[in-house]
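Enquirer: Below is work-v7.cif; it holds mmCIF, C-alpha atoms.
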data_model
#
loop_
_atom_site.label_atom_id
_atom_site.label_comp_id
_atom_site.auth_asym_id
_atom_site.auth_seq_id
_atom_site.Cartn_x
_atom_site.Cartn_y
_atom_site.Cartn_z
CA MET Z 1 -10.26 -36.19 34.43
CA ARG Z 2 -6.57 -35.43 34.48
CA LEU Z 3 -5.70 -33.79 31.18
CA VAL Z 4 -2.43 -35.10 29.88
CA SER Z 5 -0.18 -33.07 27.64
CA ALA Z 6 -1.85 -31.83 24.50
CA GLY Z 7 -0.92 -34.15 22.01
CA PRO Z 8 0.65 -37.55 22.00
CA LEU Z 9 -1.91 -39.45 24.02
CA PHE Z 10 -4.88 -37.38 22.87
CA PHE Z 11 -4.16 -38.11 19.23
CA LEU Z 12 -3.38 -41.75 19.97
CA LEU Z 13 -6.77 -42.14 21.63
CA ALA Z 14 -8.54 -40.32 18.83
CA ASN Z 15 -6.92 -42.48 16.19
CA LEU Z 16 -7.26 -45.83 17.94
CA VAL Z 17 -10.60 -45.64 19.70
CA ALA Z 18 -12.86 -43.77 17.30
CA LEU Z 19 -14.63 -46.41 15.28
CA GLY Z 20 -13.57 -46.12 11.72
CA GLY Z 21 -10.60 -44.05 12.80
CA GLY Z 22 -7.98 -46.75 12.50
CA CYS Z 23 -9.00 -49.52 14.92
CA SER Z 24 -10.58 -52.70 13.59
CA VAL Z 25 -13.81 -53.94 15.13
CA THR Z 26 -14.82 -57.60 15.20
CA GLY Z 27 -17.02 -59.82 17.29
CA SER Z 28 -14.08 -60.22 19.64
CA GLY Z 29 -13.72 -56.51 20.31
CA ALA Z 30 -11.97 -53.48 18.87
CA ALA Z 31 -8.27 -53.96 18.15
CA LEU Z 32 -6.26 -51.02 19.46
CA HIS Z 33 -3.02 -52.91 18.73
CA PRO Z 34 -2.35 -56.52 17.63
CA ALA Z 35 -1.96 -57.37 21.35
CA VAL Z 36 -4.70 -55.11 22.80
CA ARG Z 37 -8.47 -55.41 22.39
CA LEU Z 38 -11.14 -53.17 23.79
CA HIS Z 39 -14.37 -54.85 24.95
CA ARG Z 40 -16.34 -51.76 25.79
CA GLU Z 41 -19.67 -53.41 26.60
CA GLU Z 42 -17.99 -55.80 29.04
CA GLY Z 43 -15.91 -52.99 30.53
CA GLN Z 44 -12.66 -54.79 29.76
CA VAL Z 45 -9.33 -54.35 27.98
CA HIS Z 46 -7.60 -57.59 26.97
CA VAL Z 47 -3.81 -57.60 26.63
CA GLN Z 48 -2.12 -60.59 25.03
CA ALA Z 49 0.98 -61.52 27.01
CA GLU Z 50 3.28 -64.34 28.07
CA VAL Z 51 4.38 -65.60 31.47
CA ALA Z 52 7.77 -63.99 32.11
CA CYS Z 53 8.72 -65.10 35.65
CA THR Z 54 7.51 -67.97 37.82
CA ARG Z 55 10.06 -67.52 40.59
CA GLY Z 56 11.94 -64.79 42.40
CA ASP Z 57 11.23 -61.25 43.52
CA LEU Z 58 8.86 -59.11 41.46
CA GLU Z 59 8.54 -55.42 40.71
CA GLN Z 60 5.98 -55.57 37.90
CA VAL Z 61 2.80 -57.44 37.02
CA CYS Z 62 3.23 -56.71 33.31
CA CYS Z 63 5.96 -54.97 31.36
CA ALA Z 64 6.66 -54.28 27.70
CA ARG Z 65 9.00 -56.66 25.92
CA GLY Z 66 12.67 -55.78 26.16
CA THR Z 67 12.37 -53.87 29.44
CA ARG Z 68 11.81 -55.54 32.84
CA GLU Z 69 11.04 -59.20 32.08
CA HIS Z 70 13.43 -60.39 34.80
CA GLU Z 71 11.21 -58.85 37.50
CA SER Z 72 7.73 -59.11 35.93
CA LEU Z 73 5.05 -61.81 36.03
CA LEU Z 74 3.99 -61.06 32.44
CA VAL Z 75 5.49 -59.52 29.33
CA THR Z 76 3.64 -58.15 26.30
CA SER Z 77 4.44 -56.77 22.86
CA ALA Z 78 1.87 -54.01 23.39
CA PRO Z 79 3.06 -50.44 24.00
CA ALA Z 80 1.87 -48.74 27.16
CA THR Z 81 0.02 -46.11 25.12
CA ALA Z 82 -2.29 -48.74 23.61
CA VAL Z 83 -3.22 -50.01 27.08
CA GLN Z 84 -3.72 -46.43 28.28
CA ALA Z 85 -5.99 -45.71 25.31
CA GLY Z 86 -8.10 -48.76 26.08
CA LEU Z 87 -8.63 -47.77 29.69
CA LEU Z 88 -9.56 -44.23 28.66
CA ALA Z 89 -12.04 -45.67 26.16
CA LEU Z 90 -13.73 -47.55 29.01
CA GLY Z 91 -14.37 -44.19 30.66
CA LEU Z 92 -11.84 -44.71 33.43
CA GLN Z 93 -10.22 -41.58 34.82
CA PRO Z 94 -6.43 -41.52 35.16
CA GLY Z 95 -4.93 -39.98 38.26
CA ARG Z 96 -1.19 -39.88 38.81
CA PRO Z 97 1.56 -42.37 39.66
CA GLY Z 98 2.76 -42.71 43.22
CA PHE Z 99 5.86 -41.08 44.63
CA TRP Z 100 8.26 -41.66 47.50
CA LYS Z 101 11.39 -40.07 48.93
CA GLN Z 102 13.46 -40.12 52.06
CA GLY Z 103 13.25 -37.09 54.31
CA PRO Z 104 16.17 -35.30 55.97
CA ALA Z 105 16.20 -37.79 58.85
CA GLY Z 106 15.85 -40.80 56.57
CA GLU Z 107 12.10 -41.07 57.14
CA LEU Z 108 10.03 -42.41 54.26
CA GLN Z 109 7.63 -39.90 52.71
CA GLU Z 110 4.97 -41.42 50.48
CA GLN Z 111 2.38 -40.15 48.04
CA PRO Z 112 0.07 -43.01 46.98
CA PRO Z 113 -0.97 -43.27 43.34
CA GLN Z 114 -4.38 -41.95 42.37
CA GLY Z 115 -6.95 -42.86 39.75
CA ASN Z 116 -9.99 -45.04 39.19
CA ALA Z 117 -9.79 -48.59 40.49
CA VAL Z 118 -8.88 -51.30 37.97
CA GLU Z 119 -9.29 -55.03 38.44
CA VAL Z 120 -6.34 -57.01 37.09
CA ARG Z 121 -7.00 -60.63 36.14
CA VAL Z 122 -5.24 -63.29 34.07
CA ARG Z 123 -6.81 -65.83 31.71
CA TRP Z 124 -5.18 -68.90 30.16
CA GLN Z 125 -5.83 -72.37 28.78
CA GLU Z 126 -4.96 -75.40 30.89
CA GLY Z 127 -5.75 -78.91 29.74
CA GLY Z 128 -8.22 -77.58 27.18
CA VAL Z 129 -10.07 -75.62 29.85
CA GLN Z 130 -10.08 -71.84 30.12
CA ARG Z 131 -9.09 -70.57 33.53
CA GLU Z 132 -9.22 -67.05 34.94
CA VAL Z 133 -8.10 -65.74 38.33
CA PRO Z 134 -7.32 -62.40 39.98
CA ILE Z 135 -3.65 -61.57 39.50
CA GLU Z 136 -3.29 -61.61 43.29
CA ASP Z 137 -3.54 -65.41 43.09
CA TRP Z 138 -0.15 -65.41 41.35
CA LEU Z 139 1.45 -63.08 43.91
CA ASP Z 140 3.03 -64.08 47.21
CA ASP Z 141 2.77 -60.94 49.31
CA ARG Z 142 5.33 -61.12 52.09
CA ARG Z 143 4.18 -57.93 53.77
CA PRO Z 144 0.43 -58.39 54.08
CA GLY Z 145 -1.55 -55.50 55.39
CA PRO Z 146 -5.23 -54.76 55.87
CA GLY Z 147 -7.35 -55.44 52.81
CA GLU Z 148 -6.39 -56.92 49.47
CA THR Z 149 -3.81 -55.73 46.98
CA ARG Z 150 -5.60 -53.48 44.51
CA PHE Z 151 -4.72 -51.40 41.51
CA VAL Z 152 -5.55 -47.92 40.21
CA PHE Z 153 -5.37 -46.24 36.80
CA ALA Z 154 -2.42 -43.95 37.51
CA GLY Z 155 -2.02 -42.98 33.85
CA SER Z 156 1.79 -42.67 33.79
CA ARG Z 157 3.10 -39.24 32.71
CA PHE Z 158 4.92 -37.42 29.94
CA VAL Z 159 8.64 -36.65 30.01
CA ARG Z 160 10.80 -34.42 27.88
CA THR Z 161 13.54 -36.10 25.89
CA PRO Z 162 15.96 -34.88 23.20
CA GLN Z 163 13.51 -36.40 20.71
CA GLY Z 164 10.57 -34.48 22.14
CA GLU Z 165 7.83 -35.24 24.65
CA ARG Z 166 7.38 -38.97 25.28
CA PHE Z 167 5.01 -41.12 27.31
CA ALA Z 168 7.13 -42.32 30.25
CA ALA Z 169 5.65 -45.83 30.37
CA ASP Z 170 6.52 -46.38 26.70
CA LEU Z 171 10.15 -45.72 27.59
CA SER Z 172 10.30 -47.79 30.79
CA GLY Z 173 7.82 -50.56 29.93
CA SER Z 174 5.87 -50.09 33.20
CA ILE Z 175 2.38 -51.18 32.19
CA VAL Z 176 1.10 -52.69 35.48
CA GLY Z 177 3.43 -52.03 38.39
CA LEU Z 178 3.91 -53.45 41.85
CA VAL Z 179 6.71 -51.27 43.23
CA THR Z 180 6.53 -47.51 42.86
CA PHE Z 181 8.74 -46.37 39.98
CA GLY Z 182 6.45 -43.39 39.40
CA ASP Z 183 5.70 -44.07 35.73
CA GLU Z 184 3.11 -46.88 35.78
CA VAL Z 185 -0.05 -46.93 33.64
CA VAL Z 186 -1.75 -49.13 36.26
CA ALA Z 187 -0.21 -49.01 39.72
CA CYS Z 188 -0.49 -50.95 42.93
CA ALA Z 189 -2.40 -48.74 45.35
CA GLN Z 190 0.24 -49.09 48.08
CA VAL Z 191 3.55 -47.27 47.75
CA VAL Z 192 6.53 -49.64 47.79
CA PRO Z 193 9.98 -48.11 47.17
CA ASP Z 194 11.94 -49.58 44.29
CA ARG Z 195 15.20 -49.61 46.25
CA VAL Z 196 15.92 -52.64 48.45
CA GLU Z 197 18.07 -50.56 50.80
CA VAL Z 198 14.95 -48.52 51.61
CA ALA Z 199 12.32 -51.30 51.70
CA PRO Z 200 12.78 -55.09 51.43
CA PRO Z 201 11.26 -56.92 48.44
CA ARG Z 202 7.55 -57.47 48.99
CA TRP Z 203 6.29 -59.76 46.22
CA ARG Z 204 7.41 -63.08 44.83
CA ALA Z 205 5.91 -65.12 42.01
CA ARG Z 206 3.69 -68.00 43.16
CA GLY Z 207 5.00 -70.34 40.50
CA ALA Z 208 3.26 -73.47 41.76
CA VAL Z 209 -0.12 -72.16 40.55
CA MET Z 210 1.11 -70.62 37.29
CA PRO Z 211 1.61 -72.04 33.81
CA PRO Z 212 5.25 -72.38 32.68
CA GLU Z 213 7.34 -69.42 31.59
CA GLY Z 214 6.61 -68.51 27.99
CA SER Z 215 2.98 -69.67 28.17
CA PRO Z 216 0.50 -67.39 26.37
CA VAL Z 217 -2.02 -65.65 28.62
CA THR Z 218 -4.50 -62.79 28.44
CA MET Z 219 -4.26 -60.03 31.01
CA VAL Z 220 -7.75 -58.70 31.63
CA LEU Z 221 -8.02 -55.13 32.87
CA ARG Z 222 -11.57 -54.64 34.06
CA ARG Z 223 -13.66 -51.70 35.17
CA PRO Z 224 -15.01 -52.70 38.59
CA ALA Z 225 -18.72 -53.34 38.81
CA ALA Z 226 -20.74 -50.58 40.43
CA PRO Z 227 -21.45 -51.33 44.11
#
Represent the supplied structure as structure tokens.
Expert:
Amino acid sequence: MRLVSAGPLFFLLANLVALGGGCSVTGSGAALHPAVRLHREEGQVHVQAEVACTRGDLEQVCCARGTREHESLLVTSAPATAVQAGLLALGLQPGRPGFWKQGPAGELQEQPPQGNAVEVRVRWQEGGVQREVPIEDWLDDRRPGPGETRFVFAGSRFVRTPQGERFAADLSGSIVGLVTFGDEVVACAQVVPDRVEVAPPRWRARGAVMPPEGSPVTMVLRRPAAP
């Protein structure tokens, strides 16, 4: 397991996940935040969110409110640390976010993100019926490659600020990323530069199959079943 910096996330996890240590437990799971519930037995973390974009180019699956709504499928009021704590409580191992740079001759050098695999799904009500699909169903991938789009628990990182050490994803809002900003909690396994002059946009929202913008949804982050 990648050990993050001694404090902020360790104490957050201790306070939120330990039963009786600050998180409420009901028949619908343990509340790590008003918008985040841990369902340990099912191997799931549920994040309450809204549809942010149903058209245009995308750089995020889910961002924190007030950050990247204009380029994200979903937006949530949950902080990235609460989502991180839930994934840690499932026993998932964080790795590290991806990285890219251009070499001396302009060549693209990539370091893919690492970490345990995470299934990303979305659940919503439509006509009184609950629906749930893989998030890939809402993504139009214009650069398909071998295999399906998949996600890993990158775990973001800590950065130093004038106010002290901070969790990078709490500052940027990158909860589930598509392009590689290098600070995502959950990252797309393929590196995609976040600069259009380096790589053309890859994903667009598949609005025809989505509920309208502003619709409430649940993002389900799931530990994959053992093979």
Enquirer: One number please: atom CA of Arg223 of chain Z to atom CA of Leu178 of chain Z, in Å, one decimal.
Expert: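 For atom CA of Arg223 of chain Z relative to atom CA of Leu178 of chain Z, the distance reads 18.9 Å.
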Enquirer: Counting only C-alpha atoms, which of Z:Phe181, Z:Trp138, Z:Phe153, Z:Phe158 gets nearest to Val209 of chain Z?
Expert: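 Closest to Val209 of chain Z of all the choices is Z:Trp138.
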Enquirer: If you take all atoms listed in the file and a cut-off of 10 Å, which residues of segment 104-186 of chain Z touch segment 88-92 of chain Z, and what are their nearest atom pairs and distances in Å to one decimal, in chain and number order, as a tab-separated table?
Expert:
residue	atom	partner	partner_atom	distance
Z:Gly115	CA	Z:Leu92	CA	8.2
Z:Asn116	CA	Z:Leu92	CA	6.1
Z:Ala117	CA	Z:Leu92	CA	8.3
Z:Val118	CA	Z:Leu92	CA	8.5
Z:Val152	CA	Z:Leu92	CA	9.8
Z:Phe153	CA	Z:Leu92	CA	7.5
Z:Gly155	CA	Z:Leu88	CA	9.2
Enquirer: For the selection just defined, write its residues with C-alpha atoms to a file, as a JSON list (two decimals), in the frame of the given file.
Expert:
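What follows is the written file part-v1.json:
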[["chain", "number", "residue", "atom", "x", "y", "z"],
["Z", 115, "GLY", "CA", -6.95, -42.86, 39.75],
["Z", 116, "ASN", "CA", -9.99, -45.04, 39.19],
["Z", 117, "ALA", "CA", -9.79, -48.59, 40.49],
["Z", 118, "VAL", "CA", -8.88, -51.30, 37.97],
["Z", 152, "VAL", "CA", -5.55, -47.92, 40.21],
["Z", 153, "PHE", "CA", -5.37, -46.24, 36.80],
["Z", 155, "GLY", "CA", -2.02, -42.98, 33.85]]
Enquirer: With distances taken over only C-alpha atoms, which residue among Z:Arg157, Z:Arg96, Z:Lys101, Z:His70 lies nearest Gly56 of chain Z?
Expert: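 Closest candidate: Z:His70.
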Enquirer: Got a sec to resolve the PyMOL selection byres ((chain Z and resi 120-129) around 9) on this structure and send the residues as a PyMOL selection string?
Expert: chain Z and resi 118-119+130-136+150-151+176+211+215-222
Enquirer: Name the residues, using the chain letters and numbers of the file, that sit within 12 Å of (8.3, -67.8, 41.3) when counting all atoms listed in the file, and give them as JSON, numbers by chain.
Expert: {"Z": [51, 52, 53, 54, 55, 56, 57, 58, 70, 71, 72, 73, 74, 138, 139, 140, 141, 203, 204, 205, 206, 207, 208, 209, 210, 211, 212, 213]}
Enquirer: Tell me, as an mmCIF file with C-alpha atoms, in the coordinates of the input, which residues lie within 9 Å of Asp194 of chain Z, counting only C-alpha atoms; anything in the same chain fewer than 6 positions away does not count.
Expert:
data_model
loop_
_atom_site.group_PDB
_atom_site.id
_atom_site.type_symbol
_atom_site.label_atom_id
_atom_site.label_comp_id
_atom_site.auth_asym_id
_atom_site.auth_seq_id
_atom_site.Cartn_x
_atom_site.Cartn_y
_atom_site.Cartn_z
ATOM 1 C CA GLU Z 59 8.540 -55.420 40.710
ATOM 2 C CA VAL Z 179 6.710 -51.270 43.230
ATOM 3 C CA THR Z 180 6.530 -47.510 42.860
ATOM 4 C CA PHE Z 181 8.740 -46.370 39.980
ATOM 5 C CA PRO Z 201 11.260 -56.920 48.440
#
Enquirer: Which residues, written as a tab-separated table (two decimals) with C-alpha atoms, in the frame of the given file, have at least one atom at most 9 Å from Val36 of chain Z, with all atoms listed in the file counted and residues fewer than 3 positions away on the same chain left out?
Expert:
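The file below, part_7.tsv, is the result:
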chain	number	residue	atom	x	y	z
Z	30	ALA	CA	-11.97	-53.48	18.87
Z	31	ALA	CA	-8.27	-53.96	18.15
Z	32	LEU	CA	-6.26	-51.02	19.46
Z	33	HIS	CA	-3.02	-52.91	18.73
Z	45	VAL	CA	-9.33	-54.35	27.98
Z	46	HIS	CA	-7.60	-57.59	26.97
Z	47	VAL	CA	-3.81	-57.60	26.63
Z	48	GLN	CA	-2.12	-60.59	25.03
Z	78	ALA	CA	1.87	-54.01	23.39
Z	82	ALA	CA	-2.29	-48.74	23.61
Z	83	VAL	CA	-3.22	-50.01	27.08
Z	86	GLY	CA	-8.10	-48.76	26.08
Enquirer: In the coordinates of the file, take the point (3.9, -57.1, 27.3) and a cut-off of 7 Å; then, counting all atoms listed in the file, name each qualifying protein, DNA or RNA residue as a VMD selection string.
Expert: chain Z and resid 49 62 to 65 74 to 78
Enquirer: Atom CA of Phe167 of chain Z to atom CA of Gln60 of chain Z: how many Å, to one decimal?
Expert: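 According to the coordinates, atom CA of Phe167 of chain Z and atom CA of Gln60 of chain Z are separated by 17.9 Å.
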Enquirer: What is the distance, in Å and to one decimal place, between atom CA of Trp100 of chain Z and atom CA of Gln114 of chain Z?
Expert: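 Between atom CA of Trp100 of chain Z and atom CA of Gln114 of chain Z the gap works out to 13.6 Å.
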